[in-house]
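These notes concern the structure reproduced below.
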Amino acid sequence: MPEDNLCNPMAGVTDLGDGLTVVDIWQGLHANAKAWPVNPYGLASAAQNRTLIDGTDLSVLRALAAYPGAGWSALCTAAGWTSYGAVALSWCQGATLPQVLDAWLASGFSLKPLPEYERPARLLNPTLLPQTRSLSALVEAAQPNAFALCVMIAHSPEPLDFDMSLETLQSVPQPQLAAFFKSRMLQKPVRSPDEDQLIVIWTATVKGTEFDIWEAA
């Protein structure tokens, strides 16, 4: 009788633990991304559904810690880059934030200040991102990449500390960035007249663009 491993169709595959493979992770992430908004498990609330799925995905993503980023990139290049493929790259060995952002941009998946669009950013490996909600610190870390700044803002649900001059905050020519600034300023329960005026300015900046999510609503 031949040994079992000689007839194992998975012989040669990289096992990340408990039979988990990189293909399993890729498939699972994308299946869960589709399930995230629709509560397929019949839980008491959509929030419970999302918390369960997020916890599952983060647990699986951690299994990539010892897997080379180059190997994951090869898989995603063959399959086609997605935002979730890019997010998973952030958990791989040797991956850098610029590589992750380039992969995300290659996917064509937009980043808007809406939960379903921000979700991939929430799953990014936090070790690649500055752990602060200071806008000035995030700007310094992201320079000169406006998309990187949007990702850093989207990564955390915590309030944003607008610790920059009024003049600087008024001059945000990039609609995507203005949309994120506006969304976080709207979260403040109490705003000054200057802050309300910033919202008016940012509203004008995003008007007529894909980031005018308030207009679409």
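Letters for chains follow the order of the structure tokens (A, B, ...), residue numbers begin at 1 for each chain, and ligand numbers begin at 1 in the order shown.
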Checklist entry - Where in range 125-177 of chain A does DSSP assign helix (DSSP H, G or I), given as JSON, numbers by chain? => result {"A": [126, 127, 128, 135, 136, 137, 138, 139, 140, 141, 142, 146, 147, 148, 149, 150, 151, 152, 153, 154, 155, 166, 167, 168, 169, 170, 175, 176, 177]}
Next on the checklist: Give me the residues near Thr203 in chain A as number ranges by chain, where near means some atom within 10 Å (using only C-alpha atoms) and where sequence neighbours in that chain fewer than 5 positions away do not count.
Outcome noted: A: 175, 178-179, 182, 197-198, 208, 211-212, 214-215
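Nearest residue to Asp196 in chain A, choosing from A:Gln170, A:Gln176, A:Asn125, A:Asn145 and counting only C-alpha atoms: A:Gln170.
Excluding range 30-32 of chain A and any residue on its chain fewer than 6 positions from it, the residues at most 10 Å away by only C-alpha atoms are Pro40, Arg50, Ile53, Asp54, Thr56, Asp57, Thr82, Ser83, Tyr84 and Gly85 of chain A.
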Expected file: the selected residues, N, CA and C atoms, as a compact mmCIF listing (two decimals), in the first residue's frame:
```txt
# COMPACT_ATOMS: atom_id res chain seq x y z
N PRO A 40 -25.56 37.32 6.37
CA PRO A 40 -26.05 36.02 5.90
C PRO A 40 -26.24 35.00 7.01
N ARG A 50 -20.96 41.94 11.20
CA ARG A 50 -19.72 42.56 10.76
C ARG A 50 -18.58 42.32 11.75
N ILE A 53 -17.36 38.71 11.26
CA ILE A 53 -16.57 38.54 10.04
C ILE A 53 -15.21 39.23 10.17
N ASP A 54 -15.19 40.43 10.74
CA ASP A 54 -13.93 41.14 10.92
C ASP A 54 -12.97 40.34 11.80
N THR A 56 -12.92 37.11 12.27
CA THR A 56 -12.47 35.93 11.52
C THR A 56 -11.36 36.30 10.54
N ASP A 57 -11.57 37.39 9.81
CA ASP A 57 -10.57 37.80 8.81
C ASP A 57 -9.25 38.19 9.46
N THR A 82 -6.83 42.95 -5.87
CA THR A 82 -8.03 43.53 -5.28
C THR A 82 -7.60 44.29 -4.04
N SER A 83 -8.49 45.10 -3.50
CA SER A 83 -8.15 45.82 -2.27
C SER A 83 -7.88 44.84 -1.13
N TYR A 84 -8.59 43.72 -1.11
CA TYR A 84 -8.37 42.74 -0.04
C TYR A 84 -7.08 41.96 -0.24
N GLY A 85 -6.70 41.76 -1.49
CA GLY A 85 -5.39 41.17 -1.74
C GLY A 85 -4.30 42.09 -1.25
```
Checklist entry - Hey, what's within 10 Å of range 35-39 of chain A if we count only C-alpha atoms and toss same-chain stuff fewer than 5 positions away? As a ChimeraX atom specification, please? => result /A:29-30,44-54,115-116,119
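Shortest separation to Ser73 in chain A among A:Pro113, A:Pro9, A:Gly94, A:Gly28 occurs at residue A:Gly94, atoms counted being only C-alpha atoms.
One distance worth recording is that between CA of Leu16 in chain A and CA of Asp102 in chain A, which is 25.6 Å.
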Next on the checklist: Can you tell me, as a list in words, which residues in range 31-183 of chain A count as strand (DSSP E or B) by DSSP?
Outcome noted: Pro68, Gln93, Ser134 and Asp161 of chain A
Item to check | Pick from A:Val60, A:Val139, A:Ile201, A:Ala78 nearest to Asp161 in chain A, counting only C-alpha atoms | outcome: A:Val139
Taking only C-alpha atoms into account, produce a table as a tab-separated table in which each residue of range 119-187 of chain A with an atom at most 12 Å from an atom of range 61-69 of chain A appears once, together with its shortest atom pair and the distance in Å to one decimal, ordered by chain and rising number.
```
residue	atom	partner	partner_atom	distance
A:Leu123	CA	A:Leu61	CA	8.7
A:Leu124	CA	A:Leu61	CA	9.3
A:Asn125	CA	A:Leu61	CA	8.7
A:Pro126	CA	A:Arg62	CA	11.4
A:Thr127	CA	A:Ala65	CA	11.6
```
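Considering the residues A:Val151, A:Met185, A:Leu160, A:Ala204 and counting only C-alpha atoms, Ser136 in chain A has its shortest atom-to-atom contact with A:Leu160.
Across the model, the gap from CA of Arg191 in chain A to CA of Ser134 in chain A is 17.3 Å.
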Item to check | Within 10 Å of Thr14 in chain A using only C-alpha atoms, minus same-chain residues under 5 positions, as an MDAnalysis selection string | outcome: chainID A and resid 19:23 67
Please save N, CA and C atoms of the selected residues as a PDB file, in the first residue's frame.
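Writing the result to again-v5.pdb gives the following:
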```
ATOM      1  N   GLY A  19      -3.803  23.146   8.049  1.00  0.00           N
ATOM      2  CA  GLY A  19      -4.215  22.925   6.669  1.00  0.00           C
ATOM      3  C   GLY A  19      -4.577  24.183   5.910  1.00  0.00           C
ATOM      4  N   LEU A  20      -4.392  25.341   6.514  1.00  0.00           N
ATOM      5  CA  LEU A  20      -4.735  26.606   5.871  1.00  0.00           C
ATOM      6  C   LEU A  20      -3.698  26.966   4.812  1.00  0.00           C
ATOM      7  N   THR A  21      -4.159  27.326   3.620  1.00  0.00           N
ATOM      8  CA  THR A  21      -3.266  27.718   2.531  1.00  0.00           C
ATOM      9  C   THR A  21      -3.527  29.175   2.138  1.00  0.00           C
ATOM     10  N   VAL A  22      -2.608  29.725   1.359  1.00  0.00           N
ATOM     11  CA  VAL A  22      -2.790  31.113   0.923  1.00  0.00           C
ATOM     12  C   VAL A  22      -4.008  31.245   0.016  1.00  0.00           C
ATOM     13  N   VAL A  23      -4.304  30.206  -0.736  1.00  0.00           N
ATOM     14  CA  VAL A  23      -5.505  30.234  -1.586  1.00  0.00           C
ATOM     15  C   VAL A  23      -6.762  30.265  -0.719  1.00  0.00           C
ATOM     16  N   TYR A  67       4.745  34.290   5.949  1.00  0.00           N
ATOM     17  CA  TYR A  67       4.687  34.001   4.516  1.00  0.00           C
ATOM     18  C   TYR A  67       5.293  35.163   3.739  1.00  0.00           C
TER      19      TYR A  67
END
```
